[in-house]
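Student: For reference, the file data_0.csv (CSV, C-alpha atoms and all ligand atoms) is included below:
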```
chain,number,residue,atom,x,y,z
V,270,MET,CA,0.0,0.0,0.0
V,271,GLY,CA,2.7,2.4,-0.9
V,272,LEU,CA,4.9,1.8,2.2
V,273,GLU,CA,7.3,-0.7,0.6
V,274,SER,CA,10.1,1.8,0.0
V,275,TRP,CA,10.0,2.8,3.7
V,276,LEU,CA,10.3,-0.7,5.1
V,277,PRO,CA,13.2,-3.2,5.3
V,278,LYS,CA,13.3,-5.6,2.4
V,279,ALA,CA,10.5,-8.2,2.7
V,280,ALA,CA,12.2,-11.6,2.8
V,281,SER,CA,9.7,-14.1,4.2
V,282,SER,CA,6.6,-15.8,3.0
V,283,PHE,CA,4.3,-13.8,5.4
V,284,ALA,CA,6.2,-10.4,5.0
V,285,GLY,CA,3.7,-9.3,2.3
V,286,ASP,CA,0.7,-9.9,4.6
V,287,VAL,CA,2.3,-8.1,7.5
V,288,ASP,CA,3.2,-5.1,5.3
V,289,TRP,CA,-0.3,-5.0,3.8
V,290,LEU,CA,-1.8,-4.9,7.3
V,291,LEU,CA,0.7,-2.2,8.3
V,292,GLY,CA,-0.3,-0.2,5.3
V,293,PHE,CA,-4.0,-0.7,5.9
V,294,ILE,CA,-3.8,0.5,9.5
V,295,THR,CA,-1.5,3.4,8.6
V,296,TRP,CA,-4.0,4.6,6.0
V,297,ILE,CA,-7.0,4.4,8.3
V,298,VAL,CA,-5.1,6.1,11.2
V,299,GLY,CA,-3.4,8.6,8.9
V,300,ILE,CA,-6.6,9.8,7.2
V,301,TRP,CA,-8.4,10.3,10.6
V,302,PHE,CA,-5.3,11.9,12.1
V,303,LEU,CA,-5.2,14.5,9.3
V,304,ALA,CA,-9.0,15.0,9.6
V,305,ALA,CA,-8.9,15.4,13.4
V,306,GLU,CA,-5.9,17.8,13.2
V,307,GLY,CA,-7.6,19.8,10.4
V,308,ILE,CA,-10.8,20.2,12.4
V,309,LEU,CA,-8.8,21.2,15.4
V,310,ILE,CA,-6.9,23.9,13.5
V,311,PHE,CA,-10.1,25.1,11.8
V,312,PHE,CA,-11.8,25.5,15.2
V,313,VAL,CA,-8.8,27.2,16.8
V,314,LEU,CA,-8.8,29.8,14.0
V,315,ARG,CA,-12.6,30.1,13.6
V,316,TYR,CA,-13.3,30.5,17.3
V,317,ARG,CA,-10.2,32.4,18.3
V,318,ARG,CA,-10.3,35.1,21.0
V,319,ARG,CA,-12.0,38.2,19.9
V,320,PRO,CA,-12.4,41.5,21.8
V,321,GLY,CA,-15.7,41.6,23.6
V,322,VAL,CA,-16.6,37.9,23.1
V,323,ARG,CA,-16.6,35.8,26.2
V,324,ALA,CA,-15.9,32.1,26.0
V,325,ALA,CA,-19.0,30.0,26.8
V,326,TYR,CA,-19.1,26.9,29.0
V,327,VAL,CA,-21.3,24.4,27.2
V,328,PRO,CA,-22.0,21.3,29.2
V,329,ALA,CA,-23.0,18.3,27.0
V,330,ARG,CA,-26.3,17.5,28.5
V,331,ARG,CA,-28.3,17.0,25.3
V,332,LEU,CA,-27.8,14.1,23.0
V,333,ARG,CA,-27.1,16.5,20.2
V,334,ALA,CA,-24.1,17.9,22.2
V,335,MET,CA,-23.0,14.5,23.3
V,336,ALA,CA,-22.9,13.4,19.7
V,337,PHE,CA,-19.6,15.3,19.3
V,338,VAL,CA,-18.0,12.8,21.6
V,339,LEU,CA,-20.2,9.7,21.0
V,340,VAL,CA,-20.0,9.7,17.2
V,341,PRO,CA,-16.2,9.8,17.0
V,342,CYS,CA,-16.1,7.1,19.8
V,343,ALA,CA,-18.4,4.9,17.7
V,344,ALA,CA,-16.3,5.5,14.6
V,345,ILE,CA,-13.1,4.5,16.4
V,346,LEU,CA,-14.8,1.4,17.7
V,347,GLY,CA,-16.1,0.6,14.2
V,348,PHE,CA,-12.7,1.0,12.6
V,349,ASP,CA,-11.0,-1.0,15.4
V,350,LEU,CA,-13.4,-3.9,14.7
V,351,VAL,CA,-12.6,-3.7,11.0
V,352,ILE,CA,-8.9,-3.8,11.7
V,353,ASP,CA,-9.4,-6.7,14.1
V,354,ALA,CA,-11.4,-8.6,11.5
V,355,VAL,CA,-8.8,-8.1,8.8
V,356,ALA,CA,-5.9,-8.8,11.1
V,357,ALA,CA,-7.3,-11.9,12.8
V,358,PRO,CA,-6.8,-14.4,9.9
V,359,ILE,CA,-3.3,-13.0,9.2
V,360,TRP,CA,-2.4,-13.4,12.9
V,361,HIS,CA,-3.9,-16.9,13.0
V,362,ARG,CA,-1.8,-18.0,9.9
V,363,ILE,CA,1.5,-16.6,11.2
V,364,LYS,CA,1.3,-17.1,15.0
V,365,GLU,CA,-1.3,-19.8,15.7
V,366,THR,CA,-0.5,-22.4,13.1
V,367,LEU,CA,2.7,-24.4,12.6
V,368,PRO,CA,3.2,-25.6,9.1
V,369,PRO,CA,5.2,-28.8,8.8
V,370,ALA,CA,8.9,-28.0,9.3
V,371,GLN,CA,11.5,-28.6,6.7
V,372,GLU,CA,14.2,-27.3,9.1
V,373,THR,CA,13.9,-27.2,12.9
V,374,ILE,CA,16.3,-25.0,14.9
V,375,ARG,CA,16.7,-24.2,18.5
V,376,ILE,CA,17.5,-20.6,19.5
V,377,THR,CA,18.7,-19.5,22.9
V,378,GLY,CA,19.1,-15.9,23.8
V,379,GLU,CA,21.6,-15.1,26.5
V,380,GLN,CA,23.5,-12.1,27.8
V,381,TRP,CA,24.6,-11.2,25.1
V,382,ALA,CA,24.6,-13.6,22.2
V,383,TRP,CA,22.3,-15.8,20.1
V,384,ARG,CA,23.1,-19.4,20.3
V,385,PHE,CA,21.7,-21.8,17.6
V,386,ARG,CA,21.5,-25.5,17.6
V,387,LEU,CA,20.8,-27.1,14.2
V,388,PRO,CA,20.4,-30.7,13.0
V,389,GLY,CA,23.7,-32.0,11.5
V,390,PRO,CA,23.9,-33.9,8.3
V,391,ASP,CA,21.4,-36.5,9.6
V,392,GLY,CA,18.7,-33.9,9.6
V,393,ARG,CA,17.6,-34.5,13.2
V,394,LEU,CA,18.0,-32.5,16.4
V,395,ASP,CA,19.4,-34.0,19.6
V,396,THR,CA,21.7,-36.4,17.9
V,397,ALA,CA,25.5,-36.5,18.1
V,398,ASP,CA,26.1,-34.6,14.9
V,399,ASP,CA,24.1,-31.5,15.9
V,400,ILE,CA,25.7,-28.2,15.1
V,401,GLU,CA,26.1,-25.4,17.7
V,402,VAL,CA,26.8,-21.9,16.4
V,403,VAL,CA,26.9,-18.5,18.0
V,404,ASN,CA,25.7,-15.3,16.4
V,405,GLU,CA,25.8,-17.0,13.0
V,406,LEU,CA,23.0,-18.8,11.3
V,407,HIS,CA,22.6,-20.2,7.8
V,408,LEU,CA,19.2,-21.3,6.4
V,409,PRO,CA,18.1,-22.8,3.1
V,410,VAL,CA,15.9,-20.5,1.0
V,411,ASP,CA,12.2,-21.4,0.7
V,412,ALA,CA,12.4,-23.9,3.6
V,413,VAL,CA,9.8,-23.7,6.3
V,414,VAL,CA,11.9,-23.1,9.4
V,415,GLN,CA,10.4,-24.0,12.8
V,416,PHE,CA,12.2,-22.6,15.8
V,417,GLU,CA,12.1,-23.5,19.5
V,418,LEU,CA,13.0,-20.3,21.2
V,419,THR,CA,14.1,-19.8,24.8
V,420,ALA,CA,16.4,-17.7,26.9
V,421,LYS,CA,19.1,-18.6,29.4
V,422,ASP,CA,19.1,-15.6,31.8
V,423,VAL,CA,16.7,-12.7,31.2
V,424,ILE,CA,14.0,-11.9,28.7
V,425,HIS,CA,15.3,-11.3,25.2
V,426,SER,CA,13.5,-10.8,21.9
V,427,PHE,CA,14.3,-12.5,18.7
V,428,TRP,CA,13.8,-10.0,15.9
V,429,MET,CA,14.5,-10.3,12.2
V,430,PRO,CA,13.1,-7.2,10.5
V,431,GLU,CA,13.3,-8.6,7.0
V,432,MET,CA,11.4,-11.7,8.0
V,433,ARG,CA,8.8,-9.5,9.7
V,434,LEU,CA,9.2,-11.7,12.8
V,435,LYS,CA,9.6,-10.7,16.4
V,436,GLN,CA,9.1,-13.0,19.4
V,437,ASP,CA,10.0,-12.7,23.0
V,438,ALA,CA,12.5,-15.3,24.4
V,439,VAL,CA,11.6,-16.1,28.0
V,440,PRO,CA,13.7,-18.1,30.4
V,441,GLY,CA,12.1,-21.3,31.4
V,442,ARG,CA,9.7,-21.4,28.4
V,443,THR,CA,10.1,-22.8,25.0
V,444,ILE,CA,8.2,-20.9,22.4
V,445,ARG,CA,7.6,-22.4,19.0
V,446,GLY,CA,7.1,-20.5,15.8
V,447,TRP,CA,7.9,-20.6,12.2
V,448,PHE,CA,9.0,-18.5,9.2
V,449,GLN,CA,9.9,-19.2,5.6
V,450,PRO,CA,12.7,-17.1,4.2
V,451,THR,CA,12.1,-16.5,0.5
V,452,ARG,CA,15.0,-14.4,-0.6
V,453,VAL,CA,18.7,-15.3,-0.7
V,454,GLY,CA,20.8,-12.7,1.2
V,455,HIS,CA,22.4,-11.6,4.4
V,456,TYR,CA,20.2,-10.5,7.2
V,457,GLU,CA,20.6,-9.2,10.7
V,458,MET,CA,18.9,-10.7,13.7
V,459,ASP,CA,18.7,-8.4,16.7
V,460,CYS,CA,17.6,-8.5,20.3
V,461,ALA,CA,14.6,-6.3,20.6
V,462,GLN,CA,14.2,-6.4,24.4
V,463,ILE,CA,16.5,-4.3,26.6
V,464,CYS,CA,18.5,-7.0,28.4
V,465,GLY,CA,21.4,-5.4,30.0
V,466,LEU,CA,24.7,-3.6,29.2
V,467,GLY,CA,25.5,-5.5,26.0
V,468,HIS,CA,21.9,-5.4,24.6
V,469,THR,CA,22.8,-3.2,21.6
V,470,MET,CA,25.7,-5.6,20.7
V,471,MET,CA,23.4,-8.6,20.7
V,472,LYS,CA,23.0,-9.4,17.1
V,473,ALA,CA,23.5,-12.4,14.8
V,474,SER,CA,24.0,-12.6,11.1
V,475,VAL,CA,21.7,-14.8,9.1
V,476,VAL,CA,22.6,-16.1,5.7
V,477,VAL,CA,19.8,-17.4,3.6
V,478,GLU,CA,21.3,-19.4,0.7
V,479,SER,CA,20.6,-22.2,-1.8
V,480,ARG,CA,19.9,-25.7,-0.4
V,481,GLU,CA,23.3,-26.9,-1.8
V,482,ALA,CA,25.2,-24.0,-0.2
V,483,TYR,CA,23.4,-24.6,3.1
V,484,GLU,CA,24.1,-28.3,3.1
V,485,SER,CA,27.8,-27.7,2.5
V,486,TRP,CA,27.9,-25.2,5.4
V,487,VAL,CA,26.2,-27.8,7.6
V,488,ARG,CA,28.8,-30.5,6.5
V,489,GLU,CA,31.6,-28.0,7.2
V,490,LYS,CA,30.3,-27.1,10.6
V,491,ALA,CA,29.6,-30.7,11.5
V,492,GLY,CA,33.1,-31.7,10.3
V,493,SER,CA,34.8,-29.1,12.5
V,494,ALA,CA,32.7,-30.1,15.5
V,495,GLN,CA,33.9,-33.7,15.1
V,496,VAL,CA,37.5,-32.6,14.9
V,497,THR,CA,37.2,-30.7,18.2
V,498,SER,CA,35.4,-33.6,19.9
V,499,ARG,CA,38.2,-36.0,18.7
V,500,GLU,CA,40.8,-33.6,20.0
V,501,GLU,CA,39.1,-33.3,23.4
V,502,GLY,CA,39.1,-37.1,23.7
V,503,PRO,CA,36.5,-39.4,25.3
V,504,GLU,CA,37.2,-38.5,28.9
V,505,SER,CA,36.2,-34.8,28.5
V,506,ARG,CA,32.7,-35.7,27.1
S,1,CU,CU,18.9,-9.5,24.6
```
Translate the structure of the given file into structure tokens.
Ligand SMILES: [Cu+2]

Tutor:
Amino acid sequence: MGLESWLPKAASSFAGDVDWLLGFITWIVGIWFLAAEGILIFFVLRYRRRPGVRAAYVPARRLRAMAFVLVPCAAILGFDLVIDAVAAPIWHRIKETLPPAQETIRITGEQWAWRFRLPGPDGRLDTADDIEVVNELHLPVDAVVQFELTAKDVIHSFWMPEMRLKQDAVPGRTIRGWFQPTRVGHYEMDCAQICGLGHTMMKASVVVESREAYESWVREKAGSAQVTSREEGPESR
């Protein structure tokens, strides 16, 4: 709705819906904001102080006078309900449904880093070849990514503006959600909840790439993990 050039690049399957909704709300609120300010300025000028004219106190006792308050109230409620009705199916699709995962990742926010656990080459989490990376995440383009989000110490918030996704990470809770990156590229993932001294430094880089490039990154990471565990030896495990 004309907002695209003001927003970060849209890079997930539901980004278009979120932007559309944002535009819809901005237009409704914007038009009424301009109308209300216009009427205010008009009244300020039209009924400005004049010599010999005293201001009158007009209590709103009659329905006709009350209408000045009640009609705008009803209009606000009406537009609110329209926005709710339009937003509900989008919210339901993004936040209340979990489409089948093609990738499942575990994300942990901590002071002050993002920790990711991904399935290794076997494609399953919680097996010996899992990958652990910090502040660096790769994802295959067009895959439905399910995440299990938690926090280690305080509340953080997982925010990827280009994916139009933000979700609080709460210690002691695992919050599941999903997104589907649709554009190859480098993106930033920030913490959107003030979480202490290092909050502004708490960001991860996310690389969305082809399936082949992603799989070779997974193999590389899994390979280096095996090397370190071999170096550590069996007694340290
Ligand atoms: Cu944080």

Student: Applying 8 Å and all atoms listed in the file, which residues near segment 282-288 of chain V remain after dropping the ones on its own chain fewer than 2 positions away? List them as a VMD selection string.

Tutor: chain V and resid 272 to 273 279 to 280 290 to 292 359 363 431 to 433 448 to 451

Student: In Å, with one decimal, what is the gap from atom CA of Ile376 of chain V to atom CA of Val423 of chain V?

Tutor: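 Atom CA of Val423 of chain V lies at a distance of 14.1 Å from atom CA of Ile376 of chain V.
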
Student: What's around Ile463 of chain V at 10 Å? Count only C-alpha atoms, leave out sequence neighbours fewer than 4 positions away in its own chain, and write the answer as an MDAnalysis selection string.

Tutor: chainID V and resid 423:426 467:469

Student: Pick out the closest residue to Ile352 of chain V from this set: V:Ile294, V:Leu314, V:Val476, V:Ala304. Count all atoms listed in the file.

Tutor: V:Ile294

Student: What residues of the protein or nucleic acid chains come within 12 Å of ligand CU 1 (chain S) when you use all atoms listed in the file? Reply as a ChimeraX atom specification.

Tutor: /V:377-384,419-428,436-440,458-473

Student: Restricting the calculation to only C-alpha atoms, which member of V:Val355, V:Gly454, V:Ser485, V:Lys490 is positioned closest to Lys278 of chain V?

Tutor: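 Once distances to Lys278 of chain V are computed over only C-alpha atoms, the minimum belongs to V:Gly454.
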
Student: Just the number, please: distance in Å from atom CA of Gly299 of chain V to atom CA of Ala343 of chain V, one decimal.

Tutor: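 Separation between atom CA of Gly299 of chain V and atom CA of Ala343 of chain V: 17.8 Å.
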
Student: Under the rule that only C-alpha atoms are counted, which of V:Asp349, V:Asp398, V:Glu372, V:Glu306 is the nearest residue to Arg488 of chain V?

Tutor: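 Nearest to Arg488 of chain V: V:Asp398.
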
Student: Would you fill the gaps in segment 395-406 of chain V so it has all heavy atoms, then print it as a PDB file, keeping the file's coordinate frame?

Tutor:
```pdb
ATOM      1  N   ASP V 395      19.062 -33.137  18.436  1.00  0.00           N
ATOM      2  CA  ASP V 395      19.400 -34.000  19.600  1.00  0.00           C
ATOM      3  C   ASP V 395      20.035 -35.285  19.218  1.00  0.00           C
ATOM      4  O   ASP V 395      19.741 -36.340  19.790  1.00  0.00           O
ATOM      5  CB  ASP V 395      18.092 -34.238  20.429  1.00  0.00           C
ATOM      6  CG  ASP V 395      17.540 -32.941  21.004  1.00  0.00           C
ATOM      7  OD1 ASP V 395      18.350 -32.111  21.465  1.00  0.00           O
ATOM      8  OD2 ASP V 395      16.316 -32.749  20.972  1.00  0.00           O
ATOM      9  N   THR V 396      20.891 -35.212  18.227  1.00  0.00           N
ATOM     10  CA  THR V 396      21.700 -36.400  17.900  1.00  0.00           C
ATOM     11  C   THR V 396      23.187 -35.893  17.984  1.00  0.00           C
ATOM     12  O   THR V 396      23.453 -34.690  18.086  1.00  0.00           O
ATOM     13  CB  THR V 396      21.429 -36.939  16.518  1.00  0.00           C
ATOM     14  OG1 THR V 396      21.558 -35.887  15.560  1.00  0.00           O
ATOM     15  CG2 THR V 396      20.029 -37.525  16.437  1.00  0.00           C
ATOM     16  N   ALA V 397      24.106 -36.848  17.898  1.00  0.00           N
ATOM     17  CA  ALA V 397      25.500 -36.500  18.100  1.00  0.00           C
ATOM     18  C   ALA V 397      26.077 -35.541  17.112  1.00  0.00           C
ATOM     19  O   ALA V 397      27.027 -34.821  17.408  1.00  0.00           O
ATOM     20  CB  ALA V 397      26.334 -37.819  18.108  1.00  0.00           C
ATOM     21  N   ASP V 398      25.485 -35.485  15.907  1.00  0.00           N
ATOM     22  CA  ASP V 398      26.100 -34.600  14.900  1.00  0.00           C
ATOM     23  C   ASP V 398      25.437 -33.212  14.846  1.00  0.00           C
ATOM     24  O   ASP V 398      25.622 -32.475  13.887  1.00  0.00           O
ATOM     25  CB  ASP V 398      26.032 -35.276  13.514  1.00  0.00           C
ATOM     26  CG  ASP V 398      24.609 -35.336  12.965  1.00  0.00           C
ATOM     27  OD1 ASP V 398      23.665 -35.100  13.751  1.00  0.00           O
ATOM     28  OD2 ASP V 398      24.447 -35.601  11.767  1.00  0.00           O
ATOM     29  N   ASP V 399      24.675 -32.852  15.890  1.00  0.00           N
ATOM     30  CA  ASP V 399      24.100 -31.500  15.900  1.00  0.00           C
ATOM     31  C   ASP V 399      25.175 -30.438  15.820  1.00  0.00           C
ATOM     32  O   ASP V 399      26.313 -30.648  16.230  1.00  0.00           O
ATOM     33  CB  ASP V 399      23.337 -31.284  17.252  1.00  0.00           C
ATOM     34  CG  ASP V 399      21.976 -31.961  17.241  1.00  0.00           C
ATOM     35  OD1 ASP V 399      21.661 -32.621  16.244  1.00  0.00           O
ATOM     36  OD2 ASP V 399      21.252 -31.818  18.244  1.00  0.00           O
ATOM     37  N   ILE V 400      24.761 -29.297  15.289  1.00  0.00           N
ATOM     38  CA  ILE V 400      25.700 -28.200  15.100  1.00  0.00           C
ATOM     39  C   ILE V 400      25.322 -27.102  16.147  1.00  0.00           C
ATOM     40  O   ILE V 400      24.141 -26.801  16.318  1.00  0.00           O
ATOM     41  CB  ILE V 400      25.586 -27.582  13.730  1.00  0.00           C
ATOM     42  CG1 ILE V 400      25.943 -28.622  12.684  1.00  0.00           C
ATOM     43  CG2 ILE V 400      26.459 -26.362  13.589  1.00  0.00           C
ATOM     44  CD1 ILE V 400      25.579 -28.160  11.296  1.00  0.00           C
ATOM     45  N   GLU V 401      26.316 -26.522  16.795  1.00  0.00           N
ATOM     46  CA  GLU V 401      26.100 -25.400  17.700  1.00  0.00           C
ATOM     47  C   GLU V 401      26.849 -24.182  17.125  1.00  0.00           C
ATOM     48  O   GLU V 401      28.060 -24.280  16.931  1.00  0.00           O
ATOM     49  CB  GLU V 401      26.461 -25.671  19.093  1.00  0.00           C
ATOM     50  CG  GLU V 401      25.378 -26.423  19.833  1.00  0.00           C
ATOM     51  CD  GLU V 401      25.196 -25.911  21.262  1.00  0.00           C
ATOM     52  OE1 GLU V 401      26.068 -25.165  21.748  1.00  0.00           O
ATOM     53  OE2 GLU V 401      24.189 -26.268  21.873  1.00  0.00           O
ATOM     54  N   VAL V 402      26.149 -23.093  16.869  1.00  0.00           N
ATOM     55  CA  VAL V 402      26.800 -21.900  16.400  1.00  0.00           C
ATOM     56  C   VAL V 402      26.351 -20.700  17.201  1.00  0.00           C
ATOM     57  O   VAL V 402      25.253 -20.708  17.757  1.00  0.00           O
ATOM     58  CB  VAL V 402      26.572 -21.643  14.879  1.00  0.00           C
ATOM     59  CG1 VAL V 402      27.521 -22.438  14.025  1.00  0.00           C
ATOM     60  CG2 VAL V 402      25.141 -21.937  14.503  1.00  0.00           C
ATOM     61  N   VAL V 403      27.198 -19.688  17.270  1.00  0.00           N
ATOM     62  CA  VAL V 403      26.900 -18.500  18.000  1.00  0.00           C
ATOM     63  C   VAL V 403      26.884 -17.288  17.107  1.00  0.00           C
ATOM     64  O   VAL V 403      27.845 -17.089  16.360  1.00  0.00           O
ATOM     65  CB  VAL V 403      27.875 -18.295  19.199  1.00  0.00           C
ATOM     66  CG1 VAL V 403      27.579 -17.007  19.954  1.00  0.00           C
ATOM     67  CG2 VAL V 403      27.823 -19.481  20.149  1.00  0.00           C
ATOM     68  N   ASN V 404      25.812 -16.528  17.140  1.00  0.00           N
ATOM     69  CA  ASN V 404      25.700 -15.300  16.400  1.00  0.00           C
ATOM     70  C   ASN V 404      25.864 -15.485  14.858  1.00  0.00           C
ATOM     71  O   ASN V 404      26.191 -14.549  14.136  1.00  0.00           O
ATOM     72  CB  ASN V 404      26.686 -14.225  16.848  1.00  0.00           C
ATOM     73  CG  ASN V 404      26.301 -13.699  18.213  1.00  0.00           C
ATOM     74  OD1 ASN V 404      25.167 -13.884  18.657  1.00  0.00           O
ATOM     75  ND2 ASN V 404      27.228 -13.055  18.886  1.00  0.00           N
ATOM     76  N   GLU V 405      25.659 -16.692  14.399  1.00  0.00           N
ATOM     77  CA  GLU V 405      25.800 -17.000  13.000  1.00  0.00           C
ATOM     78  C   GLU V 405      24.841 -18.078  12.626  1.00  0.00           C
ATOM     79  O   GLU V 405      24.851 -19.130  13.246  1.00  0.00           O
ATOM     80  CB  GLU V 405      27.260 -17.451  12.722  1.00  0.00           C
ATOM     81  CG  GLU V 405      27.528 -17.819  11.291  1.00  0.00           C
ATOM     82  CD  GLU V 405      28.718 -18.766  11.142  1.00  0.00           C
ATOM     83  OE1 GLU V 405      29.191 -19.313  12.161  1.00  0.00           O
ATOM     84  OE2 GLU V 405      29.133 -18.971  10.005  1.00  0.00           O
ATOM     85  N   LEU V 406      23.977 -17.802  11.664  1.00  0.00           N
ATOM     86  CA  LEU V 406      23.000 -18.800  11.300  1.00  0.00           C
ATOM     87  C   LEU V 406      22.864 -18.862   9.783  1.00  0.00           C
ATOM     88  O   LEU V 406      22.815 -17.825   9.127  1.00  0.00           O
ATOM     89  CB  LEU V 406      21.632 -18.447  11.927  1.00  0.00           C
ATOM     90  CG  LEU V 406      20.453 -19.357  11.594  1.00  0.00           C
ATOM     91  CD1 LEU V 406      20.673 -20.754  12.154  1.00  0.00           C
ATOM     92  CD2 LEU V 406      19.156 -18.780  12.138  1.00  0.00           C
TER      93      LEU V 406
END
```
